[in-house]
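Below is coords-v7.csv, holding CSV, C-alpha atoms.
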```csv
chain,number,residue,atom,x,y,z
A,139,MET,CA,73.0,92.4,101.2
A,140,ASN,CA,73.9,96.0,101.9
A,141,ASP,CA,74.2,97.8,105.3
A,142,VAL,CA,71.1,100.0,105.3
A,143,ALA,CA,72.7,102.4,107.7
A,144,GLU,CA,75.5,103.0,105.2
A,145,LEU,CA,73.0,103.4,102.4
A,146,THR,CA,71.0,105.9,104.4
A,147,VAL,CA,74.1,108.0,104.9
A,148,HIS,CA,74.9,107.9,101.2
A,149,VAL,CA,71.5,109.3,100.1
A,150,ALA,CA,70.7,111.6,103.0
A,151,ALA,CA,72.3,114.6,101.4
A,152,HIS,CA,70.0,114.2,98.4
A,153,ALA,CA,66.8,114.2,100.3
A,154,ALA,CA,66.4,118.0,100.3
A,155,ALA,CA,66.5,117.9,96.5
A,156,LEU,CA,63.4,115.7,96.6
A,157,ASP,CA,61.6,118.1,98.9
A,158,ILE,CA,61.9,115.7,101.8
A,159,ASP,CA,62.4,117.6,105.0
A,160,ALA,CA,64.5,116.2,107.8
A,161,ALA,CA,61.5,114.9,109.7
A,162,GLY,CA,60.1,113.2,106.6
A,163,TYR,CA,63.4,111.6,105.8
A,164,ARG,CA,63.7,110.3,109.3
A,165,ASP,CA,60.2,108.9,109.1
A,166,LEU,CA,61.1,107.1,105.8
A,167,THR,CA,64.3,105.6,107.0
A,168,ALA,CA,62.8,104.6,110.3
A,169,ARG,CA,60.6,102.2,108.4
A,170,ILE,CA,63.7,100.5,106.8
A,171,HIS,CA,65.0,97.6,108.8
A,172,HIS,CA,66.6,95.3,106.3
A,173,ASP,CA,67.9,95.1,102.7
A,174,GLY,CA,65.8,92.2,101.5
A,175,ALA,CA,62.3,92.4,99.9
A,176,GLY,CA,58.9,93.3,101.2
A,177,PRO,CA,57.7,95.8,103.8
A,178,GLY,CA,60.5,97.3,105.9
A,179,SER,CA,63.1,96.8,103.2
A,180,TRP,CA,65.2,99.5,101.5
A,181,VAL,CA,63.7,98.8,98.1
A,182,HIS,CA,60.1,98.5,99.3
A,183,GLU,CA,60.0,101.8,101.3
A,184,TRP,CA,61.8,103.9,98.7
A,185,SER,CA,59.5,102.4,96.0
A,186,GLY,CA,56.5,103.3,98.1
A,187,LEU,CA,57.6,106.9,98.2
A,188,ALA,CA,58.2,106.8,94.5
A,189,ALA,CA,54.8,105.4,93.8
A,190,ALA,CA,53.2,108.2,95.8
A,191,ARG,CA,55.2,110.8,93.9
A,192,GLU,CA,54.2,109.3,90.6
A,193,ALA,CA,50.5,109.3,91.6
A,194,ARG,CA,50.8,113.1,92.3
A,195,GLY,CA,52.3,113.6,88.8
A,196,ASP,CA,55.8,114.3,90.1
A,197,LEU,CA,57.5,112.0,87.5
A,198,LEU,CA,61.0,113.1,88.0
A,199,GLY,CA,60.7,112.9,91.7
A,200,ALA,CA,59.3,109.4,91.3
A,201,ALA,CA,62.2,108.4,89.1
A,202,ALA,CA,64.7,109.7,91.6
A,203,CYS,CA,63.1,107.7,94.4
A,204,TYR,CA,63.0,104.6,92.3
A,205,SER,CA,66.7,105.2,91.6
A,206,PHE,CA,67.4,105.3,95.3
A,207,ALA,CA,65.4,102.1,95.7
A,208,ARG,CA,67.8,100.3,93.3
A,209,PHE,CA,70.9,102.0,94.9
A,210,PRO,CA,73.8,101.2,94.8
A,211,PHE,CA,73.3,98.6,92.0
A,212,VAL,CA,70.9,95.9,90.9
A,213,ASP,CA,71.6,92.7,93.0
A,214,SER,CA,68.1,91.3,93.3
A,215,PRO,CA,64.7,91.0,91.5
A,216,ALA,CA,63.4,93.8,93.8
A,217,ARG,CA,66.1,96.2,92.8
A,218,GLN,CA,65.7,95.2,89.1
A,219,GLY,CA,62.0,96.1,89.5
A,220,ALA,CA,62.9,99.5,91.0
A,221,LEU,CA,65.3,100.2,88.1
A,222,ASP,CA,62.5,99.2,85.6
A,223,ASN,CA,60.1,101.6,87.3
A,224,CYS,CA,62.8,104.3,87.3
A,225,VAL,CA,63.1,104.0,83.5
A,226,ARG,CA,59.3,103.8,83.1
A,227,ALA,CA,58.7,107.0,85.1
A,228,THR,CA,61.4,108.8,83.1
A,229,ASP,CA,59.8,107.6,79.9
A,230,ARG,CA,56.5,109.0,81.1
A,231,TRP,CA,58.2,112.3,81.9
A,232,ARG,CA,59.8,112.6,78.4
A,233,LEU,CA,56.5,111.9,76.7
A,234,GLU,CA,54.1,113.9,78.9
A,235,VAL,CA,56.1,116.8,80.3
A,236,ALA,CA,59.4,117.3,78.4
A,237,PRO,CA,57.9,118.0,75.0
A,238,GLU,CA,57.1,121.6,76.2
A,239,VAL,CA,60.8,122.2,76.0
A,240,ALA,CA,62.4,119.5,73.8
A,241,ASP,CA,61.8,116.3,72.0
A,242,ILE,CA,63.5,113.5,74.0
A,243,GLU,CA,64.1,110.1,72.5
A,244,ARG,CA,65.2,106.7,73.8
A,245,LEU,CA,68.2,105.3,72.0
A,246,GLU,CA,69.6,101.8,72.2
A,247,LEU,CA,73.1,101.2,70.7
A,248,ASP,CA,74.9,97.9,70.1
A,249,VAL,CA,78.6,98.8,70.7
A,250,LEU,CA,81.7,96.9,71.8
A,251,GLY,CA,79.7,93.7,72.2
A,252,GLY,CA,77.1,95.1,74.5
A,253,ARG,CA,74.1,97.4,74.7
A,254,VAL,CA,74.3,101.0,75.7
A,255,VAL,CA,71.0,102.8,76.3
A,256,ALA,CA,70.6,106.6,76.3
A,257,TRP,CA,68.1,109.4,76.5
A,258,THR,CA,68.8,111.9,73.7
A,259,THR,CA,67.7,115.2,72.3
A,260,GLY,CA,68.6,117.2,69.2
A,261,LEU,CA,69.9,114.4,67.0
A,262,VAL,CA,69.0,114.9,63.4
A,263,GLY,CA,66.8,112.2,62.2
A,264,ARG,CA,65.5,111.3,65.7
A,265,GLY,CA,62.6,113.6,66.3
A,266,VAL,CA,64.5,116.7,65.2
A,267,HIS,CA,64.0,118.7,62.1
A,268,ALA,CA,66.2,121.4,60.5
A,269,GLY,CA,63.5,124.0,61.1
A,270,GLY,CA,64.1,124.1,64.8
A,271,PRO,CA,62.5,122.8,68.0
A,272,PRO,CA,59.1,121.1,68.2
A,273,ALA,CA,55.9,123.2,68.1
A,274,GLY,CA,55.4,124.9,71.5
A,275,ALA,CA,58.9,124.4,72.7
A,276,LEU,CA,61.0,127.2,74.2
A,277,PRO,CA,63.2,128.9,71.7
A,278,THR,CA,66.5,127.2,70.9
A,279,ALA,CA,69.1,127.5,68.2
A,280,ALA,CA,68.1,126.2,64.7
A,281,VAL,CA,69.8,122.9,63.7
A,282,PRO,CA,72.9,123.6,61.5
A,283,ALA,CA,73.3,121.6,58.3
A,284,GLY,CA,75.9,119.4,59.9
A,285,GLY,CA,73.9,118.9,63.1
A,286,ARG,CA,74.3,120.5,66.5
A,287,PRO,CA,77.4,120.2,68.7
A,288,LEU,CA,77.1,117.2,71.0
A,289,LEU,CA,76.9,117.0,74.8
A,290,ILE,CA,77.5,113.5,76.2
A,291,VAL,CA,76.5,113.1,79.9
A,292,THR,CA,77.4,110.2,82.2
A,293,GLY,CA,77.3,109.7,85.9
A,294,GLY,CA,79.5,107.6,88.2
A,295,ILE,CA,79.4,104.1,89.4
A,296,VAL,CA,76.1,104.4,91.3
A,297,SER,CA,74.1,106.9,89.3
A,298,VAL,CA,71.8,105.8,86.5
A,299,LYS,CA,71.1,108.0,83.4
A,300,GLU,CA,67.6,108.9,84.6
A,301,GLN,CA,69.2,111.0,87.3
A,302,TRP,CA,70.7,113.3,84.7
A,303,ALA,CA,67.8,113.3,82.2
A,304,PRO,CA,66.8,116.9,83.1
A,305,LEU,CA,70.1,118.1,81.6
A,306,LEU,CA,68.6,117.3,78.2
A,307,LEU,CA,66.4,120.4,78.6
A,308,LEU,CA,69.5,122.5,79.3
A,309,ALA,CA,71.2,121.1,76.2
A,310,ALA,CA,68.1,122.0,74.1
A,311,ARG,CA,68.1,125.6,75.4
A,312,LEU,CA,71.8,125.9,74.6
A,313,GLY,CA,71.4,124.6,71.0
A,314,LEU,CA,73.2,121.3,71.7
A,315,ALA,CA,72.4,117.8,70.8
A,316,ALA,CA,72.7,115.6,73.8
A,317,VAL,CA,73.1,111.9,74.8
A,318,VAL,CA,72.6,111.0,78.5
A,319,THR,CA,73.8,107.5,79.3
A,320,GLU,CA,75.6,105.4,81.9
A,321,MET,CA,78.9,103.9,82.7
A,322,PRO,CA,79.5,100.2,81.8
A,323,GLY,CA,77.6,97.9,84.2
A,324,VAL,CA,75.4,100.7,85.5
A,325,GLY,CA,71.6,100.8,85.0
A,326,GLU,CA,70.8,99.4,81.5
A,327,ASN,CA,74.4,99.4,80.2
A,328,THR,CA,75.4,95.8,79.7
A,329,LEU,CA,79.1,96.4,79.1
A,330,ARG,CA,81.6,95.3,81.7
A,331,TYR,CA,83.6,98.0,83.4
A,332,THR,CA,87.3,97.6,82.4
A,333,ALA,CA,90.4,99.8,82.0
A,334,ASP,CA,89.4,100.1,78.3
A,335,SER,CA,85.9,101.3,79.1
A,336,TRP,CA,86.8,104.8,77.8
A,337,ARG,CA,86.4,103.3,74.3
A,338,MET,CA,82.6,103.4,74.9
A,339,PHE,CA,82.6,107.2,74.2
A,340,PRO,CA,84.1,107.2,70.7
A,341,ALA,CA,82.0,104.1,69.9
A,342,ILE,CA,78.8,106.1,70.8
A,343,LEU,CA,80.0,109.0,68.6
A,344,ASP,CA,80.7,106.6,65.7
A,345,ALA,CA,77.2,105.0,66.1
A,346,LEU,CA,75.5,108.4,65.9
A,347,GLY,CA,76.6,108.9,62.3
A,348,GLY,CA,75.3,112.3,61.1
A,349,GLY,CA,72.9,112.9,63.9
A,350,ALA,CA,75.1,115.6,65.5
A,351,ASP,CA,78.3,117.5,64.8
A,352,VAL,CA,80.5,115.1,66.8
A,353,THR,CA,83.6,117.0,65.9
A,354,ARG,CA,82.4,119.5,68.6
A,355,THR,CA,81.7,117.1,71.5
A,356,PHE,CA,81.6,118.1,75.1
A,357,ALA,CA,81.7,115.6,78.0
A,358,LEU,CA,79.9,116.2,81.2
A,359,ALA,CA,81.3,113.1,82.9
A,360,LEU,CA,80.9,112.9,86.6
A,361,SER,CA,82.9,110.9,89.1
A,362,PHE,CA,84.4,107.7,87.7
A,363,SER,CA,83.2,108.4,84.2
A,364,GLY,CA,85.4,111.6,84.4
A,365,GLN,CA,88.4,109.3,84.3
A,366,MET,CA,87.0,107.6,81.2
A,367,ALA,CA,86.5,111.0,79.6
A,368,LEU,CA,90.1,112.2,80.3
A,369,ARG,CA,91.5,109.0,78.9
A,370,TRP,CA,89.3,109.4,75.8
A,371,ALA,CA,90.4,113.0,75.3
A,372,ALA,CA,94.0,111.9,75.1
A,373,GLU,CA,93.1,110.0,72.0
A,374,ASP,CA,90.2,111.7,70.2
A,375,THR,CA,90.3,115.2,68.9
A,376,ARG,CA,86.5,115.3,68.6
A,377,VAL,CA,86.4,116.0,72.4
A,378,ARG,CA,86.4,119.8,72.8
A,379,GLY,CA,86.0,120.1,76.6
A,380,ILE,CA,85.4,118.1,79.8
A,381,ILE,CA,83.4,119.0,82.8
A,382,THR,CA,83.6,116.7,85.8
A,383,THR,CA,83.2,116.3,89.5
A,384,GLY,CA,85.2,114.1,91.8
A,385,ALA,CA,86.9,112.1,89.1
A,386,PRO,CA,89.6,109.6,90.1
A,387,VAL,CA,92.9,109.9,88.1
A,388,ARG,CA,95.7,107.8,89.6
A,389,ALA,CA,96.1,107.6,93.4
A,390,LEU,CA,92.7,106.0,93.9
A,391,PHE,CA,93.7,103.2,91.6
A,392,THR,CA,97.2,102.6,93.0
A,393,ASP,CA,97.2,103.6,96.7
A,394,ARG,CA,96.3,100.5,98.6
A,395,ALA,CA,96.1,102.3,101.9
A,396,TRP,CA,93.5,104.7,100.5
A,397,GLN,CA,91.6,101.8,99.0
A,398,ARG,CA,91.4,100.0,102.4
A,399,ALA,CA,89.5,103.1,103.8
A,400,LEU,CA,87.0,103.4,100.9
A,401,PRO,CA,83.3,103.1,101.9
A,402,PRO,CA,82.1,99.5,101.7
A,403,ALA,CA,79.4,100.4,99.2
A,404,THR,CA,82.0,101.8,96.9
A,405,VAL,CA,84.1,98.7,97.1
A,406,ALA,CA,81.1,96.4,96.5
A,407,THR,CA,80.0,98.5,93.5
A,408,LEU,CA,83.4,98.4,91.9
A,409,ALA,CA,83.5,94.6,92.4
A,410,HIS,CA,80.0,94.3,90.9
A,411,LEU,CA,80.9,96.4,87.8
A,412,THR,CA,84.2,94.8,87.1
A,413,GLY,CA,83.0,91.3,87.9
A,414,ALA,CA,85.9,90.8,90.3
A,415,ASP,CA,86.0,89.7,93.9
A,416,PRO,CA,86.5,92.7,96.3
A,417,GLY,CA,89.8,91.2,97.4
A,418,GLU,CA,91.0,91.2,93.8
A,419,LEU,CA,90.5,94.9,93.3
A,420,PRO,CA,93.9,96.1,94.6
A,421,ASP,CA,95.6,94.1,91.9
A,422,LEU,CA,93.1,95.0,89.2
A,423,LEU,CA,92.6,98.8,89.7
A,424,PRO,CA,96.1,100.0,88.7
A,425,GLY,CA,95.1,99.4,85.1
A,426,TRP,CA,92.8,102.4,85.3
A,427,ALA,CA,95.6,104.8,86.5
A,428,LEU,CA,96.3,107.6,84.0
A,429,SER,CA,100.0,108.3,83.2
A,430,ASP,CA,101.6,111.7,83.0
A,431,ASP,CA,101.9,111.3,79.2
A,432,GLN,CA,98.2,110.5,78.9
A,433,LEU,CA,97.2,113.5,80.9
A,434,THR,CA,99.5,115.9,79.1
A,435,ALA,CA,98.0,114.7,75.9
A,436,VAL,CA,94.6,116.1,77.0
A,437,GLY,CA,94.8,119.4,75.2
A,438,VAL,CA,91.2,120.5,75.8
A,439,PRO,CA,89.8,122.6,78.7
A,440,VAL,CA,88.9,120.6,81.8
A,441,ARG,CA,86.6,122.0,84.5
A,442,TYR,CA,86.7,120.0,87.7
A,443,VAL,CA,84.7,120.2,90.9
A,444,ALA,CA,86.7,119.0,93.9
A,445,SER,CA,85.8,118.3,97.5
A,446,THR,CA,88.4,118.8,100.3
A,447,ARG,CA,86.8,116.1,102.5
A,448,ASP,CA,86.3,113.6,99.6
A,449,GLU,CA,86.2,110.1,101.1
A,450,ILE,CA,86.6,108.5,97.7
A,451,ILE,CA,89.0,110.6,95.6
A,452,PRO,CA,92.4,111.2,97.2
A,453,PRO,CA,93.7,114.9,97.2
A,454,ALA,CA,96.7,113.6,95.3
A,455,ASP,CA,94.5,113.1,92.2
A,456,VAL,CA,93.5,116.8,92.0
A,457,ALA,CA,97.1,117.8,92.6
A,458,LEU,CA,98.2,115.6,89.7
A,459,LEU,CA,95.6,117.3,87.4
A,460,ARG,CA,96.9,120.7,88.4
A,461,ARG,CA,100.4,119.6,87.5
A,462,THR,CA,99.7,117.9,84.2
A,463,LEU,CA,96.7,119.5,82.4
A,464,ARG,CA,97.2,122.4,80.1
A,465,ASP,CA,93.8,124.1,80.7
A,466,LEU,CA,92.3,123.3,84.1
A,467,ALA,CA,89.9,125.3,86.3
A,468,VAL,CA,88.9,123.8,89.7
A,469,LEU,CA,85.9,124.7,91.9
A,470,GLU,CA,86.8,123.5,95.4
A,471,HIS,CA,84.2,122.8,98.1
A,472,ASP,CA,84.7,122.0,101.8
A,473,ASP,CA,82.5,118.9,101.4
A,474,VAL,CA,82.4,115.1,100.9
A,475,HIS,CA,82.4,113.2,97.6
A,476,GLY,CA,80.1,114.8,95.0
A,477,ALA,CA,79.7,118.0,97.1
A,478,PRO,CA,76.1,117.3,98.0
A,479,GLY,CA,76.0,120.4,100.3
A,480,HIS,CA,76.9,122.7,97.4
A,481,ALA,CA,74.7,121.3,94.7
A,482,VAL,CA,73.2,124.6,93.7
A,483,GLN,CA,76.5,126.4,93.4
A,484,THR,CA,78.0,123.4,91.5
A,485,ARG,CA,75.2,123.3,89.0
A,486,GLY,CA,75.5,127.0,88.3
A,487,TRP,CA,79.3,126.8,87.9
A,488,MET,CA,79.0,123.7,85.6
A,489,SER,CA,76.3,125.3,83.5
A,490,ARG,CA,78.4,128.4,83.0
A,491,ALA,CA,81.4,126.3,82.1
A,492,LEU,CA,79.4,124.5,79.4
A,493,VAL,CA,78.3,127.8,77.9
A,494,ASP,CA,81.9,129.0,77.9
A,495,LEU,CA,83.1,125.8,76.2
A,496,ARG,CA,80.3,126.0,73.6
A,497,ASP,CA,81.1,129.6,72.8
A,498,ALA,CA,84.8,129.0,72.6
A,499,THR,CA,84.4,126.5,69.8
A,500,SER,CA,81.7,128.3,67.8
A,501,GLY,CA,82.3,129.6,64.4
```

Represent the structure of the file as structure tokens.
Amino acid sequence: MNDVAELTVHVAAHAAALDIDAAGYRDLTARIHHDGAGPGSWVHEWSGLAAAREARGDLLGAAACYSFARFPFVDSPARQGALDNCVRATDRWRLEVAPEVADIERLELDVLGGRVVAWTTGLVGRGVHAGGPPAGALPTAAVPAGGRPLLIVTGGIVSVKEQWAPLLLLAARLGLAAVVTEMPGVGENTLRYTADSWRMFPAILDALGGGADVTRTFALALSFSGQMALRWAAEDTRVRGIITTGAPVRALFTDRAWQRALPPATVATLAHLTGADPGELPDLLPGWALSDDQLTAVGVPVRYVASTRDEIIPPADVALLRRTLRDLAVLEHDDVHGAPGHAVQTRGWMSRALVDLRDATSG
């Protein structure tokens, strides 16, 4: 069971993005009294709001609320049901709404002994034709003979792929193929989160075959998946740029004093994803720490959004990146992890960064 007061704090900053005013959010959370099942529970009340959104035709809003219902991870049949509904609402959106902009497909891959599920667009042979976008879609670049450059999108330890599905529309407008998926252990991803989880990224590229020009791959890898992307870029020249927010690098994984102050939900989620007891994490996490040699081997541009009051990522990690990376730009906010109070500014900065990375590798 989770502390519903802590869960409420974690998702409060996102309420405005769902057009929930402060009074409406207070009314919703006032009905939540426990973290079990049935009326008054976290899952039930968020799912009720999701169902109301879905009935009004707000499919992305419904998916977001279902995502909050299963937050921070699936630990019960009720949360599994919320995740299933989140996926279903997103599937409705991609079939009923998204075709006005881009064809979006569901993709299931068997990699590294597990199943990785993604929402995709622009992959040759998967609803994309060399003549361009679907009939009625907004103009995008035609598909090159070798496929479009690839954008791979992943969230952190508590965010499912459905949260980032709208980025597929941006990718289509920019002439990119895109794969939006999840970290190991998150959502529908059945892999276990380990120090070698970065290998998921090259495995996905290998599985796509000729569906995209994977030699020009950009990673929009947020929070903990940003660590995976940095480790990957040290080994794979197909990575041409990384955009991330609040990615741990070393100190989070090695500083036991910092770990003792982490939010309980973060600790519980890491234990769930790794399959470890929370008390075992301090001995386990150093395996994720990136060395100076690994970071200096990252020869591609890295664009990083940092928060000066981040309660999860130590400031030492950003300082380490400034010291070791060859091409780093940092957008710094006076905010907490994920900079929820600066979402609009962050989205604009990251979108411009993606355009710049795409243009720098064209031709």

- Task: Just give me the gap between CA of Arg378 (chain A) and CA of Val239 (chain A) in Å, one decimal is fine.
- Result: 25.9 Å

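Atom to atom, CA of Ser361 (chain A) and CA of Asp455 (chain A) stand 12.2 Å apart.
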
- For Ile158 (chain A), the closest of A:Arg191, A:Arg394, A:His182, A:Arg208 counting all atoms listed in the file is A:Arg191

- Given the choices A:Ala240, A:Leu492, A:Ala403, A:Ala372, which gets closest to Leu288 (chain A) if the distance is worked out from all atoms listed in the file? A:Leu492

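Excluding Met338 (chain A) itself and same-chain residues fewer than 5 positions from it, the residues having an atom within 10 Å of it are A:Val249, A:Leu250, A:Gly252, A:Val254, A:Met321, A:Pro322, A:Leu329, A:Leu343, A:Asp344, A:Met366, A:Ala367, A:Trp370, counting all atoms listed in the file.
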
- Polymer residues at most 12 Å from Ala303 (chain A), all atoms listed in the file, same-chain spacing of 2 or more positions, as a PyMOL selection string: chain A and resi 197-199+201-202+224-225+227-229+231-232+236+240+242-244+256-259+290-293+297-301+305-310+316-320

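Taking only C-alpha atoms into account, Arg464 (chain A) lies nearest to A:Gly379 out of the set A:Gly476, A:Pro386, A:Gly162, A:Gly379.
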
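When CA of Ala406 (chain A) is paired with CA of Gly294 (chain A), their separation reads 14.0 Å.
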
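When only C-alpha atoms are used to measure the gap to Trp487 (chain A), the shortest distance among A:Thr434, A:Thr446, A:Thr382, A:Thr462 belongs to A:Thr382.
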
Would you kindly place N, CA and C atoms on region 472-495 of chain A and return the model as a tab-separated table (two decimals), keeping the file's coordinate frame?
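File written: out04.tsv
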```tsv
chain	number	residue	atom	x	y	z
A	472	ASP	N	84.41	122.68	100.54
A	472	ASP	CA	84.70	122.00	101.80
A	472	ASP	C	83.49	121.03	102.01
A	473	ASP	N	83.62	119.83	101.44
A	473	ASP	CA	82.50	118.90	101.40
A	473	ASP	C	83.02	117.50	101.16
A	474	VAL	N	82.10	116.53	101.14
A	474	VAL	CA	82.40	115.10	100.90
A	474	VAL	C	82.23	114.86	99.37
A	475	HIS	N	82.41	113.61	98.97
A	475	HIS	CA	82.40	113.20	97.60
A	475	HIS	C	81.08	113.71	96.90
A	476	GLY	N	81.23	114.34	95.74
A	476	GLY	CA	80.10	114.80	95.00
A	476	GLY	C	79.56	116.18	95.49
A	477	ALA	N	80.12	116.70	96.59
A	477	ALA	CA	79.70	118.00	97.10
A	477	ALA	C	78.23	118.18	97.25
A	478	PRO	N	77.54	117.24	97.93
A	478	PRO	CA	76.10	117.30	98.00
A	478	PRO	C	75.59	118.59	98.72
A	479	GLY	N	76.41	119.15	99.62
A	479	GLY	CA	76.00	120.40	100.30
A	479	GLY	C	76.15	121.62	99.51
A	480	HIS	N	76.69	121.51	98.32
A	480	HIS	CA	76.90	122.70	97.40
A	480	HIS	C	76.31	122.43	96.06
A	481	ALA	N	75.21	121.70	96.01
A	481	ALA	CA	74.70	121.30	94.70
A	481	ALA	C	74.25	122.48	93.85
A	482	VAL	N	73.62	123.49	94.44
A	482	VAL	CA	73.20	124.60	93.70
A	482	VAL	C	74.34	125.39	93.07
A	483	GLN	N	75.35	125.65	93.89
A	483	GLN	CA	76.50	126.40	93.40
A	483	GLN	C	77.24	125.57	92.32
A	484	THR	N	77.34	124.26	92.52
A	484	THR	CA	78.00	123.40	91.50
A	484	THR	C	77.26	123.42	90.20
A	485	ARG	N	75.93	123.29	90.26
A	485	ARG	CA	75.20	123.30	89.00
A	485	ARG	C	75.35	124.59	88.24
A	486	GLY	N	75.32	125.72	88.94
A	486	GLY	CA	75.50	127.00	88.30
A	486	GLY	C	76.88	127.11	87.63
A	487	TRP	N	77.91	126.68	88.36
A	487	TRP	CA	79.30	126.80	87.90
A	487	TRP	C	79.45	125.87	86.63
A	488	MET	N	78.90	124.66	86.68
A	488	MET	CA	79.00	123.70	85.60
A	488	MET	C	78.25	124.22	84.36
A	489	SER	N	77.08	124.80	84.58
A	489	SER	CA	76.30	125.30	83.50
A	489	SER	C	77.05	126.46	82.76
A	490	ARG	N	77.64	127.36	83.56
A	490	ARG	CA	78.40	128.40	83.00
A	490	ARG	C	79.63	127.91	82.22
A	491	ALA	N	80.26	126.88	82.77
A	491	ALA	CA	81.40	126.30	82.10
A	491	ALA	C	80.99	125.69	80.75
A	492	LEU	N	79.83	125.05	80.71
A	492	LEU	CA	79.40	124.50	79.40
A	492	LEU	C	79.12	125.56	78.41
A	493	VAL	N	78.50	126.66	78.82
A	493	VAL	CA	78.30	127.80	77.90
A	493	VAL	C	79.58	128.31	77.38
A	494	ASP	N	80.54	128.48	78.27
A	494	ASP	CA	81.90	129.00	77.90
A	494	ASP	C	82.55	128.06	76.88
A	495	LEU	N	82.47	126.76	77.13
A	495	LEU	CA	83.10	125.80	76.20
A	495	LEU	C	82.40	125.83	74.85
```
